[in-house]
Amino acid sequence: MSLYESDFYAWTRQQATLLRDGKLAQADIEKIAEEIDSMGWGEQRELENRLTVLMLHLLKWRYQPALRGNSWRYSVMEQRRRIERHLRQNPSLRAKLPETILDAYGDALIEAARETGLDPSGFPQTCPWAFDDMMAPTFWPEA
């Protein structure tokens with residue numbers, strides 16, 4: 001069993017040392033490339049997860065006005081801040097926004113139906129809001 005399989009943390013330390021020392025021939029370049037790739041996908045998943053939570057609470061805000069409260073309001077505010085910060089730290093993810101919003105909205109739709117008990121067909125089947133609107137501090141979808 002390789003160190004990569006038996007002790008991932010130790011493997012990362014070893015590989016970092018090899019790279020810093022310029023010992024590329026001894027480094028596991030293929031696995032290092034896979035791990036870097038995986039880190040990039042993780043950043044996109046983080047954006048997708050944040051967008052899902054944001055859209056979930058915007059849907060609940062729009063379709064359950066009698067239940068609006070500070071919990072939803074603060075969740076929307078928090079997600080907006082986290083998304084903006086994430087995009088500031090990873091600006092190339094902006095190019096992925098259309099497909100990420102599409103995927104995240106599908107998840108938000110399922111979660112909104114589950115949490116509200118409302119029929120999923122009562123929600124728009126595609127995201128009804130532009131990204132800039134969802135992120136605007138003054139945007140709160142009304143009936």
# chains A, B, ... in the order shown; residues from 1 in each chain; ligands from 1

call {"tool": "residues_around", "arguments": {"residues": "His57 of chain A", "least_positions_apart": "2", "cutoff": "12 Å", "atoms": "only C-alpha atoms", "output": "ChimeraX atom specification"}}
result
/A:50-55,59-65,67-80,105,108-109,111-113,115-116,134,140-141

call {"tool": "residues_around", "arguments": {"residues": "Tyr4 of chain A", "least_positions_apart": "4", "cutoff": "12 Å", "atoms": "only C-alpha atoms", "output": "ChimeraX atom specification"}}
result
/A:8-15,27-28,30-32,35

call {"tool": "write_last_selection", "arguments": {"atoms": "N, CA and C atoms", "output": "tab-separated table (two decimals), in the first residue's frame"}}
result
chain	number	residue	atom	x	y	z
A	8	PHE	N	-2.62	9.91	3.89
A	8	PHE	CA	-2.71	11.01	2.93
A	8	PHE	C	-2.00	12.26	3.43
A	9	TYR	N	-2.17	12.59	4.70
A	9	TYR	CA	-1.53	13.78	5.24
A	9	TYR	C	-0.01	13.69	5.11
A	10	ALA	N	0.56	12.56	5.49
A	10	ALA	CA	2.01	12.38	5.38
A	10	ALA	C	2.44	12.47	3.91
A	11	TRP	N	1.64	11.91	3.02
A	11	TRP	CA	1.95	11.98	1.59
A	11	TRP	C	1.98	13.44	1.12
A	12	THR	N	1.02	14.26	1.56
A	12	THR	CA	1.00	15.66	1.13
A	12	THR	C	2.24	16.40	1.63
A	13	ARG	N	2.65	16.15	2.87
A	13	ARG	CA	3.85	16.79	3.41
A	13	ARG	C	5.08	16.36	2.62
A	14	GLN	N	5.16	15.05	2.32
A	14	GLN	CA	6.29	14.53	1.57
A	14	GLN	C	6.37	15.16	0.18
A	15	GLN	N	5.22	15.21	-0.50
A	15	GLN	CA	5.19	15.75	-1.86
A	15	GLN	C	5.52	17.25	-1.86
A	27	ALA	N	8.80	13.20	-7.17
A	27	ALA	CA	7.43	13.57	-6.79
A	27	ALA	C	6.42	12.75	-7.60
A	28	ASP	N	5.28	12.54	-7.02
A	28	ASP	CA	4.19	11.80	-7.67
A	28	ASP	C	3.34	12.80	-8.45
A	30	GLU	N	1.53	12.80	-11.16
A	30	GLU	CA	0.17	12.45	-11.59
A	30	GLU	C	-0.84	12.63	-10.45
A	31	LYS	N	-0.50	12.11	-9.28
A	31	LYS	CA	-1.41	12.23	-8.13
A	31	LYS	C	-1.50	13.68	-7.65
A	32	ILE	N	-0.39	14.40	-7.71
A	32	ILE	CA	-0.41	15.81	-7.33
A	32	ILE	C	-1.36	16.57	-8.26
A	35	GLU	N	-4.92	15.81	-7.34
A	35	GLU	CA	-5.33	16.51	-6.11
A	35	GLU	C	-5.58	17.99	-6.37

call {"tool": "atom_distance", "arguments": {"atom1": "atom CA of Asp132 of chain A", "atom2": "atom CA of Leu56 of chain A"}}
result
16.4 Å

call {"tool": "closest_residue", "arguments": {"among": "A:Asn49, A:Pro137, A:Ala25, A:Cys127", "to": "Pro98 of chain A", "atoms": "only C-alpha atoms"}}
result
A:Cys127

call {"tool": "select_by_dssp", "arguments": {"residues": "segment 1-141 of chain A", "states": "alpha helix (DSSP H)", "output": "ChimeraX atom specification"}}
result
/A:3-6,8-20,29-63,70-89,97-116,131-135

call {"tool": "atom_distance", "arguments": {"atom1": "atom CA of Gln26 of chain A", "atom2": "atom CA of Ser38 of chain A"}}
result
21.6 Å

call {"tool": "residues_around", "arguments": {"residues": "Arg45 of chain A", "least_positions_apart": "3", "cutoff": "12 Å", "atoms": "only C-alpha atoms", "output": "MDAnalysis selection string"}}
result
chainID A and resid 38:42 48:52 83 86 93 96:97 99:101 103:104

call {"tool": "residues_around", "arguments": {"residues": "Arg94 of chain A", "least_positions_apart": "5", "cutoff": "10 Å", "atoms": "only C-alpha atoms", "output": "ChimeraX atom specification"}}
result
/A:44,47,87-88,100

call {"tool": "write_last_selection", "arguments": {"atoms": "N, CA and C atoms", "output": "short mmCIF file (atom, residue, chain, number, x, y, z; two decimals), in the first residue's frame"}}
result
data_model
loop_
_atom_site.label_atom_id
_atom_site.label_comp_id
_atom_site.auth_asym_id
_atom_site.auth_seq_id
_atom_site.Cartn_x
_atom_site.Cartn_y
_atom_site.Cartn_z
N GLN A 44 -15.71 24.93 -6.86
CA GLN A 44 -16.97 25.07 -7.59
C GLN A 44 -18.13 24.48 -6.78
N LEU A 47 -19.25 26.95 -4.20
CA LEU A 47 -20.10 27.98 -4.79
C LEU A 47 -21.51 27.43 -5.02
N LEU A 87 -16.31 34.33 -4.66
CA LEU A 87 -16.04 34.76 -6.04
C LEU A 87 -14.86 35.75 -6.10
N ARG A 88 -14.70 36.54 -5.07
CA ARG A 88 -13.56 37.46 -5.01
C ARG A 88 -12.26 36.65 -4.90
N THR A 100 -23.66 26.65 -12.84
CA THR A 100 -23.71 26.41 -11.40
C THR A 100 -25.07 26.81 -10.84
#

call {"tool": "atom_distance", "arguments": {"atom1": "atom CA of Phe131 of chain A", "atom2": "atom CA of Ala95 of chain A"}}
result
12.2 Å

call {"tool": "closest_residue", "arguments": {"among": "A:Glu46, A:Ile110, A:Glu5, A:Pro91", "to": "Pro124 of chain A", "atoms": "only C-alpha atoms"}}
result
A:Ile110

call {"tool": "decode", "arguments": {"residues": "segment 13-53 of chain A", "atoms": "N, CA and C atoms", "output": "short mmCIF file (atom, residue, chain, number, x, y, z; two decimals), in the first residue's frame"}}
result
data_model
loop_
_atom_site.label_atom_id
_atom_site.label_comp_id
_atom_site.auth_asym_id
_atom_site.auth_seq_id
_atom_site.Cartn_x
_atom_site.Cartn_y
_atom_site.Cartn_z
N ARG A 13 2.65 16.15 2.87
CA ARG A 13 3.85 16.79 3.41
C ARG A 13 5.08 16.36 2.62
N GLN A 14 5.16 15.05 2.32
CA GLN A 14 6.29 14.53 1.57
C GLN A 14 6.37 15.16 0.18
N GLN A 15 5.22 15.21 -0.50
CA GLN A 15 5.19 15.75 -1.86
C GLN A 15 5.52 17.25 -1.86
N ALA A 16 5.03 17.99 -0.88
CA ALA A 16 5.34 19.42 -0.79
C ALA A 16 6.84 19.63 -0.61
N THR A 17 7.46 18.81 0.23
CA THR A 17 8.90 18.91 0.44
C THR A 17 9.66 18.60 -0.85
N LEU A 18 9.26 17.55 -1.54
CA LEU A 18 9.91 17.20 -2.80
C LEU A 18 9.80 18.34 -3.81
N LEU A 19 8.63 18.94 -3.90
CA LEU A 19 8.44 20.04 -4.85
C LEU A 19 9.29 21.25 -4.45
N ARG A 20 9.28 21.60 -3.17
CA ARG A 20 10.07 22.75 -2.71
C ARG A 20 11.56 22.52 -2.94
N ASP A 21 12.00 21.29 -2.81
CA ASP A 21 13.41 20.97 -3.00
C ASP A 21 13.78 20.78 -4.46
N GLY A 22 12.80 20.91 -5.35
CA GLY A 22 13.05 20.77 -6.78
C GLY A 22 13.28 19.33 -7.22
N LYS A 23 12.83 18.37 -6.44
CA LYS A 23 13.02 16.95 -6.75
C LYS A 23 11.80 16.43 -7.50
N LEU A 24 11.56 16.98 -8.67
CA LEU A 24 10.36 16.65 -9.44
C LEU A 24 10.36 15.19 -9.89
N ALA A 25 11.50 14.63 -10.15
CA ALA A 25 11.56 13.24 -10.60
C ALA A 25 11.07 12.29 -9.51
N GLN A 26 11.21 12.67 -8.25
CA GLN A 26 10.79 11.81 -7.14
C GLN A 26 9.33 12.08 -6.73
N ALA A 27 8.80 13.20 -7.17
CA ALA A 27 7.43 13.57 -6.79
C ALA A 27 6.42 12.75 -7.60
N ASP A 28 5.28 12.54 -7.02
CA ASP A 28 4.19 11.80 -7.67
C ASP A 28 3.34 12.80 -8.45
N ILE A 29 3.85 13.22 -9.58
CA ILE A 29 3.26 14.31 -10.37
C ILE A 29 1.81 14.01 -10.77
N GLU A 30 1.53 12.80 -11.16
CA GLU A 30 0.17 12.45 -11.59
C GLU A 30 -0.84 12.63 -10.45
N LYS A 31 -0.50 12.11 -9.28
CA LYS A 31 -1.41 12.23 -8.13
C LYS A 31 -1.50 13.68 -7.65
N ILE A 32 -0.39 14.40 -7.71
CA ILE A 32 -0.41 15.81 -7.33
C ILE A 32 -1.36 16.57 -8.26
N ALA A 33 -1.28 16.29 -9.55
CA ALA A 33 -2.17 16.94 -10.52
C ALA A 33 -3.63 16.59 -10.24
N GLU A 34 -3.90 15.34 -9.90
CA GLU A 34 -5.27 14.91 -9.56
C GLU A 34 -5.78 15.67 -8.34
N GLU A 35 -4.92 15.81 -7.34
CA GLU A 35 -5.33 16.51 -6.11
C GLU A 35 -5.58 17.99 -6.37
N ILE A 36 -4.77 18.60 -7.19
CA ILE A 36 -4.98 20.02 -7.54
C ILE A 36 -6.29 20.16 -8.30
N ASP A 37 -6.53 19.26 -9.23
CA ASP A 37 -7.80 19.25 -9.96
C ASP A 37 -8.98 19.13 -9.01
N SER A 38 -8.86 18.23 -8.06
CA SER A 38 -9.92 18.00 -7.08
C SER A 38 -10.17 19.25 -6.24
N MET A 39 -9.12 19.96 -5.90
CA MET A 39 -9.27 21.20 -5.14
C MET A 39 -10.08 22.22 -5.94
N GLY A 40 -9.84 22.29 -7.24
CA GLY A 40 -10.59 23.21 -8.09
C GLY A 40 -12.06 22.86 -8.12
N TRP A 41 -12.36 21.57 -8.25
CA TRP A 41 -13.77 21.13 -8.24
C TRP A 41 -14.41 21.44 -6.91
N GLY A 42 -13.64 21.33 -5.84
CA GLY A 42 -14.15 21.65 -4.51
C GLY A 42 -14.58 23.10 -4.40
N GLU A 43 -13.84 23.98 -5.03
CA GLU A 43 -14.21 25.40 -5.01
C GLU A 43 -15.52 25.63 -5.75
N GLN A 44 -15.71 24.93 -6.86
CA GLN A 44 -16.97 25.07 -7.59
C GLN A 44 -18.13 24.48 -6.78
N ARG A 45 -17.90 23.35 -6.11
CA ARG A 45 -18.96 22.75 -5.27
C ARG A 45 -19.33 23.69 -4.12
N GLU A 46 -18.34 24.36 -3.57
CA GLU A 46 -18.62 25.33 -2.50
C GLU A 46 -19.53 26.44 -3.01
N LEU A 47 -19.25 26.95 -4.20
CA LEU A 47 -20.10 27.98 -4.79
C LEU A 47 -21.51 27.43 -5.02
N GLU A 48 -21.60 26.23 -5.55
CA GLU A 48 -22.91 25.61 -5.81
C GLU A 48 -23.70 25.44 -4.51
N ASN A 49 -23.04 24.99 -3.46
CA ASN A 49 -23.72 24.81 -2.17
C ASN A 49 -24.23 26.13 -1.61
N ARG A 50 -23.42 27.16 -1.70
CA ARG A 50 -23.84 28.49 -1.21
C ARG A 50 -25.02 29.02 -2.01
N LEU A 51 -24.96 28.85 -3.32
CA LEU A 51 -26.07 29.29 -4.18
C LEU A 51 -27.34 28.52 -3.87
N THR A 52 -27.20 27.23 -3.60
CA THR A 52 -28.37 26.41 -3.26
C THR A 52 -29.06 26.96 -2.02
N VAL A 53 -28.30 27.25 -0.99
CA VAL A 53 -28.87 27.76 0.25
C VAL A 53 -29.51 29.13 0.02
#
